[in-house]
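Participant: I am sharing coords13.pdb, which consists of PDB, C-alpha atoms and all ligand atoms:
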ATOM      1  CA  MET A 133      50.563  14.663  -9.141
ATOM      2  CA  LYS A 134      50.056  13.510  -5.562
ATOM      3  CA  ILE A 135      47.252  11.248  -4.329
ATOM      4  CA  LYS A 136      46.808  11.348  -0.585
ATOM      5  CA  LYS A 137      44.294   9.094   1.137
ATOM      6  CA  LEU A 138      41.933  10.700   3.655
ATOM      7  CA  GLN A 139      41.881   9.404   7.226
ATOM      8  CA  GLY A 140      38.707   7.316   7.076
ATOM      9  CA  SER A 141      37.888   4.181   5.090
ATOM     10  CA  PHE A 142      37.590   6.016   1.759
ATOM     11  CA  GLY A 143      38.364   9.241  -0.116
ATOM     12  CA  ALA A 144      41.589  10.811  -1.371
ATOM     13  CA  LYS A 145      42.899  14.265  -2.193
ATOM     14  CA  VAL A 146      44.608  14.695  -5.558
ATOM     15  CA  CYS A 147      47.028  17.646  -5.699
ATOM     16  CA  ASN A 148      49.426  19.207  -8.196
ATOM     17  CA  ILE A 149      47.229  18.605 -11.179
ATOM     18  CA  ASP A 150      45.272  20.863 -13.518
ATOM     19  CA  LEU A 151      42.195  19.032 -14.796
ATOM     20  CA  LYS A 152      41.865  21.244 -17.859
ATOM     21  CA  SER A 153      45.352  20.373 -19.102
ATOM     22  CA  ASN A 154      46.084  17.385 -21.289
ATOM     23  CA  LEU A 155      47.022  14.807 -18.699
ATOM     24  CA  GLU A 156      49.759  12.270 -19.250
ATOM     25  CA  ARG A 157      48.162   8.922 -19.956
ATOM     26  CA  GLU A 158      49.883   7.456 -16.916
ATOM     27  CA  ASP A 159      48.441  10.131 -14.590
ATOM     28  CA  PHE A 160      45.000   9.684 -16.043
ATOM     29  CA  GLU A 161      45.117   5.905 -15.508
ATOM     30  CA  LYS A 162      46.228   6.525 -11.916
ATOM     31  CA  ILE A 163      43.220   8.781 -11.357
ATOM     32  CA  LYS A 164      40.825   6.233 -12.853
ATOM     33  CA  THR A 165      42.236   3.522 -10.598
ATOM     34  CA  ALA A 166      42.117   5.858  -7.579
ATOM     35  CA  PHE A 167      38.498   6.701  -8.337
ATOM     36  CA  VAL A 168      37.451   3.069  -7.914
ATOM     37  CA  LYS A 169      39.834   2.408  -5.011
ATOM     38  CA  TYR A 170      39.006   5.520  -2.940
ATOM     39  CA  GLN A 171      35.453   6.105  -4.268
ATOM     40  CA  LEU A 172      35.737   9.865  -3.615
ATOM     41  CA  LEU A 173      38.363  12.168  -5.101
ATOM     42  CA  ILE A 174      38.948  15.788  -4.116
ATOM     43  CA  PHE A 175      40.867  18.030  -6.520
ATOM     44  CA  PRO A 176      41.559  21.351  -4.757
ATOM     45  CA  SER A 177      42.263  24.713  -6.440
ATOM     46  CA  GLN A 178      40.965  23.952  -9.933
ATOM     47  CA  LYS A 179      40.331  26.799 -12.389
ATOM     48  CA  LEU A 180      37.668  25.439 -14.698
ATOM     49  CA  GLU A 181      35.123  26.851 -17.089
ATOM     50  CA  PRO A 182      31.955  24.743 -17.471
ATOM     51  CA  LYS A 183      33.319  23.337 -20.769
ATOM     52  CA  HIS A 184      36.445  22.079 -18.941
ATOM     53  CA  GLN A 185      34.330  20.375 -16.297
ATOM     54  CA  LEU A 186      32.277  18.777 -19.041
ATOM     55  CA  THR A 187      35.338  17.502 -20.917
ATOM     56  CA  TRP A 188      36.734  16.033 -17.692
ATOM     57  CA  SER A 189      33.399  14.430 -16.784
ATOM     58  CA  LYS A 190      33.090  12.677 -20.144
ATOM     59  CA  HIS A 191      36.057  10.472 -19.212
ATOM     60  CA  PHE A 192      33.799   8.800 -16.636
ATOM     61  CA  GLY A 193      30.831   7.790 -18.746
ATOM     62  CA  PRO A 194      28.047   9.263 -20.857
ATOM     63  CA  ILE A 195      26.762  12.575 -19.488
ATOM     64  CA  GLN A 196      23.263  12.667 -18.054
ATOM     65  CA  LYS A 197      21.254  15.800 -18.729
ATOM     66  CA  LEU A 198      19.358  16.631 -15.583
ATOM     67  CA  TYR A 199      16.806  19.135 -14.400
ATOM     68  CA  ALA A 200      14.967  21.867 -16.272
ATOM     69  CA  GLU A 201      16.729  24.019 -18.856
ATOM     70  CA  GLU A 202      16.559  27.127 -16.671
ATOM     71  CA  HIS A 203      18.845  25.425 -14.138
ATOM     72  CA  ARG A 204      21.584  24.575 -16.618
ATOM     73  CA  ILE A 205      24.455  26.709 -17.921
ATOM     74  CA  PRO A 206      23.076  28.265 -21.157
ATOM     75  CA  ASP A 207      26.045  27.556 -23.446
ATOM     76  CA  CYS A 208      26.958  24.288 -21.709
ATOM     77  CA  PRO A 209      23.622  22.652 -20.824
ATOM     78  CA  GLU A 210      25.169  19.414 -19.556
ATOM     79  CA  VAL A 211      26.329  21.399 -16.524
ATOM     80  CA  VAL A 212      23.648  21.982 -13.890
ATOM     81  CA  VAL A 213      23.730  24.842 -11.385
ATOM     82  CA  LEU A 214      22.962  24.015  -7.749
ATOM     83  CA  SER A 215      22.338  27.305  -5.993
ATOM     84  CA  ASN A 216      20.115  29.327  -3.695
ATOM     85  CA  GLU A 217      20.842  32.496  -5.690
ATOM     86  CA  GLN A 218      17.911  34.427  -7.169
ATOM     87  CA  ILE A 219      18.138  37.007  -9.949
ATOM     88  CA  ASN A 220      15.040  39.189 -10.479
ATOM     89  CA  GLY A 221      13.085  36.857  -8.203
ATOM     90  CA  LYS A 222      14.013  33.715 -10.177
ATOM     91  CA  HIS A 223      16.206  30.910  -8.896
ATOM     92  CA  VAL A 224      19.259  30.489 -11.118
ATOM     93  CA  GLY A 225      19.757  26.866 -10.091
ATOM     94  CA  VAL A 226      18.321  23.885  -8.275
ATOM     95  CA  VAL A 227      17.641  24.768  -4.634
ATOM     96  CA  ALA A 228      17.804  22.257  -1.765
ATOM     97  CA  ALA A 229      18.800  19.264  -3.882
ATOM     98  CA  GLY A 230      19.907  16.023  -2.272
ATOM     99  CA  ASP A 231      19.044  16.804   1.321
ATOM    100  CA  TYR A 232      18.438  13.142   2.282
ATOM    101  CA  TRP A 233      20.919  10.285   2.019
ATOM    102  CA  HIS A 234      20.906   8.777  -1.461
ATOM    103  CA  SER A 235      22.878   7.457  -4.400
ATOM    104  CA  ASP A 236      22.295   9.588  -7.487
ATOM    105  CA  LEU A 237      19.496   8.479  -9.789
ATOM    106  CA  SER A 238      19.033   5.085  -8.187
ATOM    107  CA  PRO A 239      15.355   5.069  -9.262
ATOM    108  CA  SER A 240      16.353   4.422 -12.870
ATOM    109  CA  ASN A 241      17.501   1.300 -14.683
ATOM    110  CA  ASN A 242      20.909   2.831 -15.312
ATOM    111  CA  PRO A 243      21.640   4.927 -12.227
ATOM    112  CA  GLY A 244      24.404   7.454 -11.832
ATOM    113  CA  LEU A 245      28.064   6.465 -11.923
ATOM    114  CA  ALA A 246      30.159   9.562 -11.231
ATOM    115  CA  THR A 247      28.820  12.814  -9.849
ATOM    116  CA  ILE A 248      31.195  15.730 -10.241
ATOM    117  CA  LEU A 249      30.687  18.945  -8.273
ATOM    118  CA  TYR A 250      32.744  22.099  -8.643
ATOM    119  CA  ALA A 251      32.458  24.841  -6.008
ATOM    120  CA  ARG A 252      32.047  28.359  -7.460
ATOM    121  CA  ARG A 253      30.593  30.281  -4.493
ATOM    122  CA  LEU A 254      30.260  29.198  -0.896
ATOM    123  CA  PRO A 255      28.179  30.483   2.002
ATOM    124  CA  SER A 256      29.902  31.829   5.100
ATOM    125  CA  GLU A 257      28.628  28.829   7.036
ATOM    126  CA  GLY A 258      27.039  25.450   6.210
ATOM    127  CA  GLY A 259      26.763  23.843   2.781
ATOM    128  CA  ASP A 260      28.858  20.764   3.593
ATOM    129  CA  THR A 261      28.341  17.457   1.792
ATOM    130  CA  GLU A 262      28.469  14.120   3.606
ATOM    131  CA  PHE A 263      29.442  10.785   2.086
ATOM    132  CA  ALA A 264      28.925   7.289   3.482
ATOM    133  CA  ASP A 265      30.943   4.212   2.536
ATOM    134  CA  MET A 266      28.580   1.479   1.389
ATOM    135  CA  HIS A 267      31.353  -1.126   0.938
ATOM    136  CA  MET A 268      32.237  -0.682   4.584
ATOM    137  CA  ALA A 269      28.577  -0.655   5.608
ATOM    138  CA  TYR A 270      28.106  -4.022   3.895
ATOM    139  CA  GLN A 271      31.277  -5.500   5.349
ATOM    140  CA  THR A 272      30.308  -4.547   8.889
ATOM    141  CA  LEU A 273      26.843  -6.137   8.772
ATOM    142  CA  SER A 274      26.380  -9.307  10.815
ATOM    143  CA  THR A 275      26.686 -12.597   8.928
ATOM    144  CA  LYS A 276      23.024 -13.216   9.721
ATOM    145  CA  MET A 277      21.976  -9.907   8.155
ATOM    146  CA  ARG A 278      24.169 -10.464   5.092
ATOM    147  CA  LYS A 279      22.409 -13.815   4.545
ATOM    148  CA  GLN A 280      18.987 -12.292   5.130
ATOM    149  CA  ILE A 281      19.382  -9.604   2.482
ATOM    150  CA  ALA A 282      21.533 -11.537  -0.010
ATOM    151  CA  ASN A 283      18.822 -12.003  -2.629
ATOM    152  CA  LEU A 284      16.455  -9.165  -1.804
ATOM    153  CA  ARG A 285      15.670  -6.268  -4.101
ATOM    154  CA  GLY A 286      14.848  -2.748  -2.965
ATOM    155  CA  ILE A 287      12.109  -0.683  -4.605
ATOM    156  CA  HIS A 288      13.436   2.742  -5.658
ATOM    157  CA  CYS A 289      10.947   5.582  -6.162
ATOM    158  CA  ILE A 290      11.795   9.044  -7.489
ATOM    159  CA  SER A 291       8.835  10.988  -6.076
ATOM    160  CA  LYS A 292       9.190  12.315  -2.551
ATOM    161  CA  LEU A 293       5.405  12.224  -2.191
ATOM    162  CA  ARG A 294       5.380   8.420  -1.971
ATOM    163  CA  ASN A 295       8.145   8.211   0.621
ATOM    164  CA  HIS A 296       7.119   8.683   4.255
ATOM    165  CA  ARG A 297      10.756   9.187   5.327
ATOM    166  CA  VAL A 298      11.247  12.493   3.491
ATOM    167  CA  LYS A 299       9.706  15.979   3.318
ATOM    168  CA  VAL A 300       9.335  18.307   0.353
ATOM    169  CA  THR A 301      11.261  21.534   0.952
ATOM    170  CA  ARG A 302      12.134  22.804  -2.535
ATOM    171  CA  PRO A 303      10.081  25.821  -3.721
ATOM    172  CA  GLY A 304       7.330  24.478  -5.992
ATOM    173  CA  GLY A 305       8.355  21.012  -4.899
ATOM    174  CA  ARG A 306       4.925  19.431  -4.452
ATOM    175  CA  ALA A 307       3.920  20.076  -8.073
ATOM    176  CA  TYR A 308       7.350  18.852  -9.236
ATOM    177  CA  TYR A 309       7.109  15.582  -7.299
ATOM    178  CA  LYS A 310       3.458  15.073  -8.230
ATOM    179  CA  LYS A 311       4.522  14.805 -11.865
ATOM    180  CA  GLN A 312       7.151  12.274 -10.820
ATOM    181  CA  ASN A 313       4.448  10.045  -9.328
ATOM    182  CA  GLU A 314       3.862   8.824 -12.883
ATOM    183  CA  ILE A 315       7.427   7.550 -13.288
ATOM    184  CA  PRO A 316       7.514   3.786 -12.629
ATOM    185  CA  ASP A 317       9.491   2.464  -9.661
ATOM    186  CA  VAL A 318      12.619   0.419 -10.292
ATOM    187  CA  SER A 319      14.043  -2.443  -8.267
ATOM    188  CA  HIS A 320      17.729  -3.093  -7.608
ATOM    189  CA  PRO A 321      19.547  -5.656  -5.472
ATOM    190  CA  LEU A 322      20.025  -4.481  -1.875
ATOM    191  CA  VAL A 323      23.549  -5.849  -2.183
ATOM    192  CA  ARG A 324      25.270  -4.540  -5.257
ATOM    193  CA  THR A 325      28.512  -5.811  -6.808
ATOM    194  CA  HIS A 326      30.872  -3.128  -8.088
ATOM    195  CA  PRO A 327      31.470  -3.869 -11.785
ATOM    196  CA  VAL A 328      35.164  -2.909 -11.610
ATOM    197  CA  SER A 329      36.378  -3.829  -8.111
ATOM    198  CA  GLY A 330      34.008  -6.777  -7.606
ATOM    199  CA  LEU A 331      33.347  -5.588  -4.040
ATOM    200  CA  LYS A 332      29.867  -5.785  -2.592
ATOM    201  CA  SER A 333      28.075  -2.787  -1.145
ATOM    202  CA  LEU A 334      24.695  -1.853   0.298
ATOM    203  CA  TYR A 335      22.618  -0.244  -2.417
ATOM    204  CA  LEU A 336      19.630   1.458  -0.839
ATOM    205  CA  SER A 337      18.836   4.839   0.672
ATOM    206  CA  PRO A 338      16.160   6.551   2.753
ATOM    207  CA  ARG A 339      15.597   9.096  -0.032
ATOM    208  CA  PHE A 340      14.801   6.581  -2.754
ATOM    209  CA  THR A 341      14.188   3.088  -1.331
ATOM    210  CA  ILE A 342      10.572   2.806  -0.222
ATOM    211  CA  GLY A 343      10.107  -0.940   0.070
ATOM    212  CA  ILE A 344      11.429  -4.423  -0.644
ATOM    213  CA  GLU A 345      10.197  -6.493  -3.552
ATOM    214  CA  ASN A 346       7.891  -9.386  -2.570
ATOM    215  CA  MET A 347       7.934  -8.444   1.114
ATOM    216  CA  GLU A 348       5.058  -6.994   3.130
ATOM    217  CA  ASP A 349       5.745  -3.535   4.560
ATOM    218  CA  ILE A 350       5.198  -4.795   8.088
ATOM    219  CA  LYS A 351       8.438  -6.778   7.655
ATOM    220  CA  ALA A 352      10.182  -4.645   5.035
ATOM    221  CA  GLN A 353       9.992  -1.243   6.750
ATOM    222  CA  PRO A 354      11.698  -2.288  10.026
ATOM    223  CA  LEU A 355      14.386  -4.067   7.987
ATOM    224  CA  LEU A 356      14.955  -0.919   5.907
ATOM    225  CA  ASP A 357      15.084   1.202   9.073
ATOM    226  CA  GLU A 358      17.751  -1.079  10.519
ATOM    227  CA  LEU A 359      19.837  -0.923   7.343
ATOM    228  CA  PHE A 360      19.454   2.865   6.995
ATOM    229  CA  ALA A 361      20.641   3.352  10.593
ATOM    230  CA  HIS A 362      23.625   1.074   9.954
ATOM    231  CA  GLN A 363      24.586   2.927   6.750
ATOM    232  CA  ILE A 364      25.182   6.206   8.571
ATOM    233  CA  LYS A 365      27.193   5.042  11.565
ATOM    234  CA  PRO A 366      29.843   7.734  12.161
ATOM    235  CA  GLU A 367      32.712   5.432  11.135
ATOM    236  CA  HIS A 368      31.217   5.121   7.618
ATOM    237  CA  ILE A 369      31.009   8.884   7.022
ATOM    238  CA  TYR A 370      33.250  11.624   5.658
ATOM    239  CA  ARG A 371      31.984  15.212   5.775
ATOM    240  CA  HIS A 372      33.394  17.505   3.120
ATOM    241  CA  LYS A 373      33.812  21.158   4.065
ATOM    242  CA  TRP A 374      34.064  22.899   0.735
ATOM    243  CA  LYS A 375      36.705  25.365  -0.366
ATOM    244  CA  ILE A 376      36.236  27.561  -3.411
ATOM    245  CA  ASP A 377      37.546  25.838  -6.563
ATOM    246  CA  ASP A 378      37.305  22.321  -5.089
ATOM    247  CA  LEU A 379      36.250  19.764  -7.643
ATOM    248  CA  VAL A 380      34.871  16.695  -5.903
ATOM    249  CA  MET A 381      33.810  13.530  -7.698
ATOM    250  CA  TRP A 382      32.460  10.290  -6.306
ATOM    251  CA  ASP A 383      31.363   6.817  -7.282
ATOM    252  CA  ASN A 384      27.617   6.385  -6.777
ATOM    253  CA  ARG A 385      28.006   2.628  -7.106
ATOM    254  CA  SER A 386      29.507   2.405  -3.641
ATOM    255  CA  LEU A 387      28.881   5.707  -1.811
ATOM    256  CA  ASN A 388      25.747   7.388  -0.537
ATOM    257  CA  HIS A 389      25.747  11.134   0.051
ATOM    258  CA  ARG A 390      23.638  14.046   1.212
ATOM    259  CA  ALA A 391      23.713  17.836   1.141
ATOM    260  CA  CYS A 392      23.892  19.079   4.736
ATOM    261  CA  GLY A 393      22.306  22.515   4.121
ATOM    262  CA  GLY A 394      22.585  24.876   7.086
ATOM    263  CA  TYR A 395      23.118  28.164   5.203
ATOM    264  CA  LYS A 396      20.880  31.195   4.943
ATOM    265  CA  THR A 397      18.797  31.948   1.852
ATOM    266  CA  ASP A 398      20.775  35.121   1.104
ATOM    267  CA  ASP A 399      24.195  33.526   1.786
ATOM    268  CA  ILE A 400      24.955  32.360  -1.727
ATOM    269  CA  ARG A 401      26.209  28.893  -2.571
ATOM    270  CA  ARG A 402      26.840  27.949  -6.183
ATOM    271  CA  ILE A 403      28.007  24.522  -7.312
ATOM    272  CA  HIS A 404      28.343  23.289 -10.885
ATOM    273  CA  ARG A 405      27.275  19.691 -11.295
ATOM    274  CA  THR A 406      27.877  17.088 -13.973
ATOM    275  CA  SER A 407      26.737  13.480 -13.788
ATOM    276  CA  THR A 408      27.572  10.363 -15.746
ATOM    277  CA  LEU A 409      25.477   7.336 -16.471
ATOM    278  CA  GLY A 410      26.339   3.917 -15.034
ATOM    279  CA  ASP A 411      25.377   0.312 -15.723
ATOM    280  CA  GLN A 412      22.411  -1.629 -14.467
ATOM    281  CA  PRO A 413      23.227  -2.727 -10.889
ATOM    282  CA  PHE A 414      23.733  -6.465 -10.280
TER     283      PHE A 414
HETATM  284 FE    FE A 501      22.881  13.623  -5.097
END
Could you take the file, read its structure, and then write that structure out as structure tokens?
Facilitator:
Amino acid sequence: MKIKKLQGSFGAKVCNIDLKSNLEREDFEKIKTAFVKYQLLIFPSQKLEPKHQLTWSKHFGPIQKLYAEEHRIPDCPEVVVLSNEQINGKHVGVVAAGDYWHSDLSPSNNPGLATILYARRLPSEGGDTEFADMHMAYQTLSTKMRKQIANLRGIHCISKLRNHRVKVTRPGGRAYYKKQNEIPDVSHPLVRTHPVSGLKSLYLSPRFTIGIENMEDIKAQPLLDELFAHQIKPEHIYRHKWKIDDLVMWDNRSLNHRACGGYKTDDIRRIHRTSTLGDQPF
């Protein structure tokens, strides 16, 4: 097994390993350590059935079941299909998911820990995924800003309809998000401490963070805008151009990400997703 760091501040490629084989304990411990250290791991050329992806994912926390049944793999429902493919006029997976910067499931008390995506079909162009390093974003804030936000809590809201920074694009999206209006908002510290590394990171996103607890919007919104702009400075970002059979997994406790889109409706992209549950942010 070879772990090779990417050029930027985070991310590593892990080669010469088959994730469906029984790994040596030593290799597995190395991967777990690398996951926290590099935050994003890319395993090229994997040959995995959904059940293999599921078994691998379970090493990184309890599996979260997401989305409606029709978007999951029938005999392995913990694995969700992200795809623009339609069969007999019906979408086989979730279309246009994650198109704004976010950390998975931040509007819940126990947000996502690892998200694991496995590329099955790719469009001829587009379909990249971008990641942004929230440790680095925190470290490069001014001392004044770090003091200002030290004890503030962001309000995270799941429904797109209550967030003026985002648009609904998914087919049937308005009805879907209207139902989500009933789900209560959750607050988390703007500065989160990683439970394993102890490093601090910015924990907010334009997709989910709609306000700051105990702060009027007239003050909170410009502060959020400033932080959102800082989060996505080019030096904090890695853009992943997918290859078939890539398995990519990342740590939602310290990275934000977004789906870049940019492919045609009939140019099929199919990704298998698993997600694990994390701890309450502190
Ligand atoms: Fe996501």
Participant: Nearest residue to ligand FE 501 (chain A) out of A:Asn346, A:Thr325, A:Thr247, A:Gln353, using only C-alpha atoms and all ligand atoms?
Facilitator: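 For ligand FE 501 (chain A), the nearest of the candidates is A:Thr247.
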Participant: What do you get as a VMD selection string if you pick all residues at most 12 Å from ligand FE 501 (chain A), counting only C-alpha atoms and all ligand atoms?
Facilitator: chain A and resid 198 214 226 228 to 238 243 to 249 261 to 263 337 339 to 340 381 to 384 387 to 392 405 to 407
Participant: Could you save those same residues with C-alpha atoms as a CSV table (one decimal), in the coordinates of the input?
Facilitator:
chain,number,residue,atom,x,y,z
A,198,LEU,CA,19.4,16.6,-15.6
A,214,LEU,CA,23.0,24.0,-7.7
A,226,VAL,CA,18.3,23.9,-8.3
A,228,ALA,CA,17.8,22.3,-1.8
A,229,ALA,CA,18.8,19.3,-3.9
A,230,GLY,CA,19.9,16.0,-2.3
A,231,ASP,CA,19.0,16.8,1.3
A,232,TYR,CA,18.4,13.1,2.3
A,233,TRP,CA,20.9,10.3,2.0
A,234,HIS,CA,20.9,8.8,-1.5
A,235,SER,CA,22.9,7.5,-4.4
A,236,ASP,CA,22.3,9.6,-7.5
A,237,LEU,CA,19.5,8.5,-9.8
A,238,SER,CA,19.0,5.1,-8.2
A,243,PRO,CA,21.6,4.9,-12.2
A,244,GLY,CA,24.4,7.5,-11.8
A,245,LEU,CA,28.1,6.5,-11.9
A,246,ALA,CA,30.2,9.6,-11.2
A,247,THR,CA,28.8,12.8,-9.8
A,248,ILE,CA,31.2,15.7,-10.2
A,249,LEU,CA,30.7,18.9,-8.3
A,261,THR,CA,28.3,17.5,1.8
A,262,GLU,CA,28.5,14.1,3.6
A,263,PHE,CA,29.4,10.8,2.1
A,337,SER,CA,18.8,4.8,0.7
A,339,ARG,CA,15.6,9.1,0.0
A,340,PHE,CA,14.8,6.6,-2.8
A,381,MET,CA,33.8,13.5,-7.7
A,382,TRP,CA,32.5,10.3,-6.3
A,383,ASP,CA,31.4,6.8,-7.3
A,384,ASN,CA,27.6,6.4,-6.8
A,387,LEU,CA,28.9,5.7,-1.8
A,388,ASN,CA,25.7,7.4,-0.5
A,389,HIS,CA,25.7,11.1,0.1
A,390,ARG,CA,23.6,14.0,1.2
A,391,ALA,CA,23.7,17.8,1.1
A,392,CYS,CA,23.9,19.1,4.7
A,405,ARG,CA,27.3,19.7,-11.3
A,406,THR,CA,27.9,17.1,-14.0
A,407,SER,CA,26.7,13.5,-13.8
Participant: What is the distance, in Å and to one decimal place, between CA of Lys351 (chain A) and CA of Pro321 (chain A)?
Facilitator: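 Straight-line distance from CA of Lys351 (chain A) to CA of Pro321 (chain A) works out to 17.2 Å.
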Participant: What's the 10 Å shell around region 356-373 of chain A, counting all atoms listed in the file, without same-chain residues fewer than 2 positions away, as a VMD selection string?
Facilitator: chain A and resid 138 to 143 172 174 233 257 to 270 272 to 273 277 281 286 297 322 334 to 338 341 to 344 349 351 to 354 375 378 380 387 to 392
Participant: Report, in Å with one decimal, the straight-line distance from CA of Ile290 (chain A) to CA of Ile400 (chain A).
Facilitator: 27.4 Å
Participant: Leaving out Pro209 (chain A) and any residue of its chain fewer than 3 positions from it, which residues lie within 12 Å of it when counting all atoms listed in the file, given as a list in words?
Facilitator: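 Selected residues are Pro182, Lys183, Gln185, Leu186, Ile195, Gln196, Lys197, Leu198, Tyr199, Ala200, Glu201, Glu202, His203, Arg204, Ile205, Pro206, Val212, Val213, His404, Arg405, Thr406 and Ser407 of chain A.
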Participant: Which is closer to Lys332 (chain A) than all the others in A:Gln218, A:Lys134, A:Ala282, A:Ser189, using all atoms listed in the file?
Facilitator: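 Nearest candidate to Lys332 (chain A) out of A:Gln218, A:Lys134, A:Ala282, A:Ser189: A:Ala282.
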Participant: With all atoms listed in the file as the basis for distance, which of A:Arg302, A:Lys136, A:Lys311, A:Arg252 is at the shortest distance from His223 (chain A)?
Facilitator: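 Comparing A:Arg302, A:Lys136, A:Lys311, A:Arg252 against His223 (chain A), the winner is A:Arg302.
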Participant: Within 6 Å of (43.3, 8.6, -4.5) in the file's own coordinates, which protein, DNA or RNA residues have an atom, counting all atoms listed in the file? List them as a list in words.
Facilitator: Ile135, Lys136, Lys137, Ala144, Ala166 and Tyr170 of chain A
